[in-house]
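The file upload-v8.pdb contains PDB, C-alpha atoms:
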```
ATOM      1  CA  MET D   1      85.871  67.032 185.556
ATOM      2  CA  TRP D   2      82.341  67.291 186.877
ATOM      3  CA  PRO D   3      80.123  64.332 186.202
ATOM      4  CA  PHE D   4      77.636  64.956 183.429
ATOM      5  CA  ARG D   5      74.090  65.138 184.750
ATOM      6  CA  LYS D   6      71.003  64.290 182.733
ATOM      7  CA  ASN D   7      69.658  67.856 182.721
ATOM      8  CA  ASP D   8      72.976  69.480 181.746
ATOM      9  CA  ILE D   9      73.319  70.770 178.151
ATOM     10  CA  PRO D  10      76.743  70.147 176.593
ATOM     11  CA  MET D  11      78.588  73.268 175.409
ATOM     12  CA  LYS D  12      78.395  72.151 171.770
ATOM     13  CA  ASN D  13      74.626  71.822 171.987
ATOM     14  CA  LYS D  14      74.387  75.216 173.706
ATOM     15  CA  LEU D  15      76.322  76.757 170.817
ATOM     16  CA  ILE D  16      74.017  75.134 168.271
ATOM     17  CA  LEU D  17      70.973  76.335 170.221
ATOM     18  CA  PHE D  18      72.380  79.885 170.364
ATOM     19  CA  LEU D  19      73.102  79.920 166.638
ATOM     20  CA  GLY D  20      69.608  78.605 165.937
ATOM     21  CA  LEU D  21      68.013  81.365 167.998
ATOM     22  CA  PHE D  22      70.258  83.971 166.362
ATOM     23  CA  LEU D  23      69.367  82.822 162.858
ATOM     24  CA  ALA D  24      65.691  82.698 163.736
ATOM     25  CA  SER D  25      65.783  86.268 165.033
ATOM     26  CA  SER D  26      67.688  87.319 161.909
ATOM     27  CA  VAL D  27      65.010  85.808 159.687
ATOM     28  CA  VAL D  28      62.310  87.662 161.629
ATOM     29  CA  ALA D  29      64.253  90.916 161.308
ATOM     30  CA  LEU D  30      64.707  90.321 157.578
ATOM     31  CA  ALA D  31      61.020  89.606 157.169
ATOM     32  CA  GLN D  32      60.167  92.813 158.991
ATOM     33  CA  SER D  33      62.554  94.759 156.753
ATOM     34  CA  GLU D  34      60.695  93.359 153.712
ATOM     35  CA  ASP D  35      57.407  94.864 154.924
ATOM     36  CA  ILE D  36      55.909  97.573 152.728
ATOM     37  CA  SER D  37      55.774 101.021 154.301
ATOM     38  CA  PRO D  38      52.438 102.910 154.199
ATOM     39  CA  SER D  39      53.787 105.415 151.650
ATOM     40  CA  ARG D  40      55.191 102.628 149.450
ATOM     41  CA  LYS D  41      51.943 100.682 149.749
ATOM     42  CA  GLN D  42      49.998 103.713 148.552
ATOM     43  CA  ALA D  43      52.261 103.949 145.500
ATOM     44  CA  ILE D  44      51.854 100.199 144.832
ATOM     45  CA  ASP D  45      48.063 100.458 145.136
ATOM     46  CA  SER D  46      48.083 103.285 142.599
ATOM     47  CA  LEU D  47      50.280 101.266 140.227
ATOM     48  CA  ALA D  48      47.998  98.213 140.515
ATOM     49  CA  LEU D  49      44.903 100.283 139.751
ATOM     50  CA  GLU D  50      46.723 101.913 136.830
ATOM     51  CA  LYS D  51      47.628  98.507 135.383
ATOM     52  CA  VAL D  52      44.011  97.356 135.645
ATOM     53  CA  LYS D  53      42.896 100.532 133.869
ATOM     54  CA  ASP D  54      45.506  99.869 131.177
ATOM     55  CA  LEU D  55      44.076  96.370 130.759
ATOM     56  CA  SER D  56      40.585  97.791 130.318
ATOM     57  CA  LYS D  57      41.860 100.047 127.505
ATOM     58  CA  TYR D  58      43.685  97.158 125.832
ATOM     59  CA  ILE D  59      40.594  94.931 125.980
ATOM     60  CA  ALA D  60      38.457  97.668 124.419
ATOM     61  CA  ILE D  61      40.981  98.032 121.569
ATOM     62  CA  ILE D  62      41.361  94.273 120.990
ATOM     63  CA  GLY D  63      37.602  93.737 120.967
ATOM     64  CA  SER D  64      36.803  96.660 118.666
ATOM     65  CA  LYS D  65      36.085  95.681 115.054
ATOM     66  CA  GLU D  66      37.668  98.950 113.969
ATOM     67  CA  THR D  67      41.100  97.814 115.166
ATOM     68  CA  GLN D  68      43.447  96.530 112.478
ATOM     69  CA  PHE D  69      44.742  92.968 112.887
ATOM     70  CA  SER D  70      48.383  94.043 113.268
ATOM     71  CA  GLU D  71      47.453  96.678 115.833
ATOM     72  CA  ALA D  72      45.330  94.203 117.802
ATOM     73  CA  ASN D  73      48.259  91.767 117.976
ATOM     74  CA  ARG D  74      50.592  94.523 119.145
ATOM     75  CA  VAL D  75      48.132  95.489 121.872
ATOM     76  CA  MET D  76      47.733  91.828 122.872
ATOM     77  CA  ASP D  77      51.491  91.655 123.424
ATOM     78  CA  ARG D  78      51.338  94.731 125.646
ATOM     79  CA  ALA D  79      48.356  93.422 127.577
ATOM     80  CA  GLU D  80      49.931  90.014 128.115
ATOM     81  CA  GLU D  81      52.925  91.683 129.790
ATOM     82  CA  LEU D  82      50.652  92.872 132.598
ATOM     83  CA  PHE D  83      50.002  89.317 133.785
ATOM     84  CA  ALA D  84      51.824  86.772 135.890
ATOM     85  CA  PRO D  85      52.668  83.503 134.079
ATOM     86  CA  GLY D  86      49.774  81.050 133.884
ATOM     87  CA  ALA D  87      47.051  83.610 134.610
ATOM     88  CA  GLU D  88      43.547  82.907 133.290
ATOM     89  CA  MET D  89      40.566  85.070 132.390
ATOM     90  CA  GLY D  90      36.915  84.099 132.778
ATOM     91  CA  VAL D  91      34.154  84.305 130.170
ATOM     92  CA  SER D  92      30.446  84.162 131.001
ATOM     93  CA  SER D  93      27.086  84.735 129.308
ATOM     94  CA  ILE D  94      23.554  85.533 130.422
ATOM     95  CA  ASN D  95      22.480  82.579 128.269
ATOM     96  CA  SER D  96      24.401  80.032 130.351
ATOM     97  CA  ASN D  97      25.391  79.319 133.934
ATOM     98  CA  GLU D  98      28.783  78.072 132.822
ATOM     99  CA  ILE D  99      31.964  80.113 133.251
ATOM    100  CA  ALA D 100      34.860  79.210 130.960
ATOM    101  CA  TYR D 101      38.473  80.130 131.746
ATOM    102  CA  TYR D 102      41.210  80.660 129.192
ATOM    103  CA  LYS D 103      44.877  81.527 129.306
ATOM    104  CA  VAL D 104      45.366  85.238 128.776
ATOM    105  CA  ARG D 105      46.550  85.082 125.157
ATOM    106  CA  ARG D 106      43.763  82.703 124.179
ATOM    107  CA  TYR D 107      41.210  84.988 125.835
ATOM    108  CA  PHE D 108      42.423  87.940 123.754
ATOM    109  CA  GLU D 109      42.374  85.889 120.546
ATOM    110  CA  ARG D 110      38.798  84.780 121.186
ATOM    111  CA  LEU D 111      37.810  88.346 121.993
ATOM    112  CA  MET D 112      39.250  89.601 118.710
ATOM    113  CA  ALA D 113      37.425  86.857 116.767
ATOM    114  CA  LEU D 114      33.927  87.493 118.187
ATOM    115  CA  ASN D 115      31.328  87.275 115.436
ATOM    116  CA  TYR D 116      29.877  90.771 115.726
ATOM    117  CA  ASP D 117      30.053  93.805 113.450
ATOM    118  CA  ARG D 118      30.410  96.163 116.387
ATOM    119  CA  VAL D 119      31.794  95.456 119.862
ATOM    120  CA  ASN D 120      31.921  97.925 122.723
ATOM    121  CA  ILE D 121      33.520  97.014 126.074
ATOM    122  CA  THR D 122      33.648  99.357 129.034
ATOM    123  CA  TRP D 123      35.081  98.817 132.527
ATOM    124  CA  TYR D 124      33.927 100.898 135.492
ATOM    125  CA  ASP D 125      33.849 100.975 139.324
ATOM    126  CA  ILE D 126      37.455  99.750 139.533
ATOM    127  CA  GLN D 127      38.450  99.426 143.188
ATOM    128  CA  TYR D 128      40.204  97.281 145.804
ATOM    129  CA  ILE D 129      37.997  94.833 147.696
ATOM    130  CA  SER D 130      40.824  92.961 149.437
ATOM    131  CA  ASP D 131      43.824  94.776 150.884
ATOM    132  CA  LEU D 132      47.341  93.537 150.156
ATOM    133  CA  GLU D 133      48.288  90.663 152.466
ATOM    134  CA  ARG D 134      51.752  89.169 152.862
ATOM    135  CA  GLN D 135      52.083  85.517 151.844
ATOM    136  CA  PRO D 136      54.524  82.889 153.208
ATOM    137  CA  ASP D 137      56.607  83.166 150.028
ATOM    138  CA  GLY D 138      57.161  86.903 150.614
ATOM    139  CA  ARG D 139      54.746  88.129 147.955
ATOM    140  CA  TYR D 140      51.770  90.321 148.678
ATOM    141  CA  VAL D 141      48.353  89.422 147.258
ATOM    142  CA  GLY D 142      45.237  91.556 146.909
ATOM    143  CA  VAL D 143      42.046  91.673 144.855
ATOM    144  CA  ILE D 144      40.657  94.442 142.651
ATOM    145  CA  THR D 145      37.057  94.243 141.476
ATOM    146  CA  ILE D 146      35.700  95.703 138.257
ATOM    147  CA  PHE D 147      32.400  95.847 136.386
ATOM    148  CA  GLN D 148      32.475  95.186 132.649
ATOM    149  CA  ARG D 149      29.731  96.305 130.272
ATOM    150  CA  PHE D 150      29.775  94.340 127.005
ATOM    151  CA  GLU D 151      27.722  95.088 123.905
ATOM    152  CA  GLY D 152      27.984  93.207 120.626
ATOM    153  CA  THR D 153      25.896  94.019 117.537
ATOM    154  CA  SER D 154      25.457  92.046 114.334
ATOM    155  CA  ILE D 155      24.089  94.181 111.495
ATOM    156  CA  GLU D 156      23.162  91.271 109.217
ATOM    157  CA  THR D 157      21.147  89.322 111.788
ATOM    158  CA  GLY D 158      20.079  92.294 113.869
ATOM    159  CA  MET D 159      21.336  90.484 116.972
ATOM    160  CA  ASN D 160      22.270  92.752 119.855
ATOM    161  CA  TYR D 161      23.827  91.070 122.894
ATOM    162  CA  LYS D 162      24.469  92.969 126.137
ATOM    163  CA  ASP D 163      25.647  91.939 129.582
ATOM    164  CA  THR D 164      27.284  93.328 132.696
ATOM    165  CA  THR D 165      29.890  91.231 134.459
ATOM    166  CA  LYS D 166      31.501  91.671 137.847
ATOM    167  CA  LYS D 167      35.064  90.360 137.904
ATOM    168  CA  ASP D 168      37.703  89.934 140.609
ATOM    169  CA  ILE D 169      41.316  90.422 139.540
ATOM    170  CA  THR D 170      44.076  88.946 141.697
ATOM    171  CA  ILE D 171      47.010  91.313 142.254
ATOM    172  CA  TYR D 172      50.535  90.034 142.976
ATOM    173  CA  VAL D 173      53.226  92.299 144.414
ATOM    174  CA  GLU D 174      56.765  90.982 144.738
ATOM    175  CA  LYS D 175      60.269  92.356 145.097
ATOM    176  CA  LYS D 176      62.461  92.055 142.003
ATOM    177  CA  GLN D 177      65.933  93.141 140.936
ATOM    178  CA  THR D 178      67.282  94.913 137.885
ATOM    179  CA  GLN D 179      70.691  96.102 136.744
ATOM    180  CA  ILE D 180      71.166  99.823 136.111
ATOM    181  CA  ALA D 181      74.642 101.120 135.239
ATOM    182  CA  GLY D 182      76.221  98.050 136.809
ATOM    183  CA  ARG D 183      74.295  98.415 140.045
ATOM    184  CA  THR D 184      71.643  96.024 141.344
ATOM    185  CA  ILE D 185      68.437  97.889 142.113
ATOM    186  CA  GLU D 186      65.544  96.302 144.023
ATOM    187  CA  PHE D 187      61.956  97.331 143.342
ATOM    188  CA  TRP D 188      58.399  96.197 144.026
ATOM    189  CA  ASP D 189      56.642  94.953 140.886
ATOM    190  CA  VAL D 190      52.905  94.531 140.348
ATOM    191  CA  MET D 191      51.518  91.710 138.215
ATOM    192  CA  LEU D 192      47.927  90.769 137.443
ATOM    193  CA  GLY D 193      46.726  87.244 138.179
ATOM    194  CA  ASP D 194      43.486  85.393 137.401
ATOM    195  CA  VAL D 195      40.424  87.392 136.357
ATOM    196  CA  ARG D 196      37.489  85.583 137.968
ATOM    197  CA  VAL D 197      33.844  86.116 137.011
ATOM    198  CA  THR D 198      31.656  86.546 140.109
ATOM    199  CA  GLU D 199      28.378  87.900 138.677
ATOM    200  CA  THR D 200      26.758  88.184 135.241
ATOM    201  CA  SER D 201      23.539  90.071 134.500
ATOM    202  CA  ALA D 202      21.702  91.576 131.527
TER     203      ALA D 202
END
```

Whole structure, C-alpha cells version:
Amino acid sequence: MWPFRKNDIPMKNKLILFLGLFLASSVVALAQSEDISPSRKQAIDSLALEKVKDLSKYIAIIGSKETQFSEANRVMDRAEELFAPGAEMGVSSINSNEIAYYKVRRYFERLMALNYDRVNITWYDIQYISDLERQPDGRYVGVITIFQRFEGTSIETGMNYKDTTKKDITIYVEKKQTQIAGRTIEFWDVMLGDVRVTETSA
C-alpha cells in the first residue's frame, strides 16, 4: 500500500465529489429545461394581458350602481380567482397623499359600497413595463401598468369626483400540474399579484 500523502484525495471523497458535480450539473440542466421558450412566453404575455383586461371589466361591473347585489358578488368571486393568495390593491385620492391597501375581496366590497349614485371606471393603456424575469423559486415575475379613470356622481349633493390613477400590477407565472383522464399535465399558470398605485391626478 502506498503511503497516504497530504494532497491525495481518498477514493470515497472522490466519489462524493463526482456525485456532487453530477447533481449540480443535473440541477442546472433541469433549470434550463424549465426556461420559457419565446413562443410560450408570447402566449403567457397574451394570457397575462387578457387577465388584466378581465379584471378591468369585473371592476367596472362591481363598481356600477346598476349592478344587482347578487351579480356583483358573483363577479367578485370571479375576479378574486385571478389573484395570487394575499394580494392587495391600492386606493388613492386627489384629496390626500395617503395610499391605502386592502386585500382583494375587501377592495371589491368597498368599491361596491361607494356612496355615489353613478360610478364609471375605465382602464386604458394596459401594457408591460417590466419583462418576465425568473426568480430563485422558479417562478417568473413581471409588471403590467394600467391607467384607471374613475368618476363618481352623487345626484343629491351634486358632488362629482374624478381622478386618473396609474397602477402597477405584479404578474406571477409558475408551472402547475393538473390531472386529465388519469394523466398528469403540466402547464404555466398566470396569477395577478399586488396592484400598486404609482400616480394619482385629477

Tell me which protein, DNA and RNA residues are within 12 Å of Lys176 of chain D, counting only C-alpha atoms, leaving out same-chain ones fewer than 6 positions away, and put them as a PDB file with C-alpha atoms, keeping the file's coordinate frame.
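Generated file (part.pdb):
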```pdb
ATOM      1  CA  GLU D  34      60.695  93.359 153.712  1.00  0.00           C
ATOM      2  CA  GLY D 138      57.161  86.903 150.614  1.00  0.00           C
ATOM      3  CA  ARG D 139      54.746  88.129 147.955  1.00  0.00           C
ATOM      4  CA  THR D 184      71.643  96.024 141.344  1.00  0.00           C
ATOM      5  CA  ILE D 185      68.437  97.889 142.113  1.00  0.00           C
ATOM      6  CA  GLU D 186      65.544  96.302 144.023  1.00  0.00           C
ATOM      7  CA  PHE D 187      61.956  97.331 143.342  1.00  0.00           C
ATOM      8  CA  TRP D 188      58.399  96.197 144.026  1.00  0.00           C
ATOM      9  CA  ASP D 189      56.642  94.953 140.886  1.00  0.00           C
ATOM     10  CA  VAL D 190      52.905  94.531 140.348  1.00  0.00           C
ATOM     11  CA  MET D 191      51.518  91.710 138.215  1.00  0.00           C
TER      12      MET D 191
END
```

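Nearest to Val173 of chain D of all the residues D:Glu50, D:Asp45, D:Glu81, D:Glu156 is D:Asp45, counting all atoms listed in the file.
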
For Asp194 of chain D, please output as a ChimeraX atom specification all residues within 8 Å (counting all atoms listed in the file; exclusion window: fewer than 2 positions along the same chain). /D:87-89,169-170,192,196

Neighbours of Met112 of chain D within 8 Å (all atoms listed in the file; same-chain residues fewer than 6 positions away dropped), as a ChimeraX atom specification? /D:62-65,72

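We find atom CA of Tyr128 of chain D and atom CA of Gln177 of chain D to be spaced 26.5 Å apart.
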
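The nearest approach to Glu66 of chain D among the residues D:Asp131, D:Asp168, D:Asp35, D:Asp117, with all atoms listed in the file taken into account, belongs to D:Asp117.
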
What would segment 45-67 of chain D look like with N, CA and C atoms in place, written as an mmCIF file, keeping the file's coordinate frame?
```
data_model
loop_
_atom_site.group_PDB
_atom_site.id
_atom_site.type_symbol
_atom_site.label_atom_id
_atom_site.label_comp_id
_atom_site.auth_asym_id
_atom_site.auth_seq_id
_atom_site.Cartn_x
_atom_site.Cartn_y
_atom_site.Cartn_z
ATOM 1 N N ASP D 45 49.505 100.502 145.405
ATOM 2 C CA ASP D 45 48.063 100.458 145.136
ATOM 3 C C ASP D 45 47.726 101.259 143.879
ATOM 4 N N SER D 46 48.335 102.433 143.765
ATOM 5 C CA SER D 46 48.083 103.285 142.599
ATOM 6 C C SER D 46 48.564 102.610 141.315
ATOM 7 N N LEU D 47 49.745 101.960 141.389
ATOM 8 C CA LEU D 47 50.280 101.266 140.227
ATOM 9 C C LEU D 47 49.377 100.102 139.820
ATOM 10 N N ALA D 48 48.879 99.348 140.804
ATOM 11 C CA ALA D 48 47.998 98.213 140.515
ATOM 12 C C ALA D 48 46.718 98.686 139.830
ATOM 13 N N LEU D 49 46.119 99.749 140.363
ATOM 14 C CA LEU D 49 44.903 100.283 139.751
ATOM 15 C C LEU D 49 45.181 100.799 138.346
ATOM 16 N N GLU D 50 46.356 101.401 138.152
ATOM 17 C CA GLU D 50 46.723 101.913 136.830
ATOM 18 C C GLU D 50 46.879 100.769 135.835
ATOM 19 N N LYS D 51 47.461 99.654 136.279
ATOM 20 C CA LYS D 51 47.628 98.507 135.383
ATOM 21 C C LYS D 51 46.282 97.904 134.998
ATOM 22 N N VAL D 52 45.354 97.869 135.948
ATOM 23 C CA VAL D 52 44.011 97.356 135.645
ATOM 24 C C VAL D 52 43.314 98.279 134.648
ATOM 25 N N LYS D 53 43.480 99.581 134.817
ATOM 26 C CA LYS D 53 42.896 100.532 133.869
ATOM 27 C C LYS D 53 43.532 100.387 132.484
ATOM 28 N N ASP D 54 44.837 100.125 132.452
ATOM 29 C CA ASP D 54 45.506 99.869 131.177
ATOM 30 C C ASP D 54 44.905 98.635 130.505
ATOM 31 N N LEU D 55 44.663 97.594 131.301
ATOM 32 C CA LEU D 55 44.076 96.370 130.759
ATOM 33 C C LEU D 55 42.701 96.650 130.166
ATOM 34 N N SER D 56 41.917 97.476 130.834
ATOM 35 C CA SER D 56 40.585 97.791 130.318
ATOM 36 C C SER D 56 40.677 98.482 128.962
ATOM 37 N N LYS D 57 41.664 99.365 128.791
ATOM 38 C CA LYS D 57 41.860 100.047 127.505
ATOM 39 C C LYS D 57 42.285 99.052 126.427
ATOM 40 N N TYR D 58 43.210 98.154 126.797
ATOM 41 C CA TYR D 58 43.685 97.158 125.832
ATOM 42 C C TYR D 58 42.548 96.249 125.373
ATOM 43 N N ILE D 59 41.704 95.820 126.315
ATOM 44 C CA ILE D 59 40.594 94.931 125.980
ATOM 45 C C ILE D 59 39.611 95.630 125.039
ATOM 46 N N ALA D 60 39.356 96.911 125.289
ATOM 47 C CA ALA D 60 38.457 97.668 124.419
ATOM 48 C C ALA D 60 39.024 97.752 123.004
ATOM 49 N N ILE D 61 40.340 97.938 122.888
ATOM 50 C CA ILE D 61 40.981 98.032 121.569
ATOM 51 C C ILE D 61 40.968 96.682 120.861
ATOM 52 N N ILE D 62 41.319 95.615 121.586
ATOM 53 C CA ILE D 62 41.361 94.273 120.990
ATOM 54 C C ILE D 62 39.975 93.850 120.516
ATOM 55 N N GLY D 63 38.957 94.156 121.302
ATOM 56 C CA GLY D 63 37.602 93.737 120.967
ATOM 57 C C GLY D 63 36.953 94.558 119.866
ATOM 58 N N SER D 64 37.416 95.783 119.661
ATOM 59 C CA SER D 64 36.803 96.660 118.666
ATOM 60 C C SER D 64 37.035 96.140 117.247
ATOM 61 N N LYS D 65 35.977 96.129 116.453
ATOM 62 C CA LYS D 65 36.085 95.681 115.054
ATOM 63 C C LYS D 65 36.764 96.734 114.173
ATOM 64 N N GLU D 66 36.984 97.905 114.708
ATOM 65 C CA GLU D 66 37.668 98.950 113.969
ATOM 66 C C GLU D 66 39.194 98.847 114.076
ATOM 67 N N THR D 67 39.658 97.969 114.960
ATOM 68 C CA THR D 67 41.100 97.814 115.166
ATOM 69 C C THR D 67 41.699 96.891 114.108
#
```
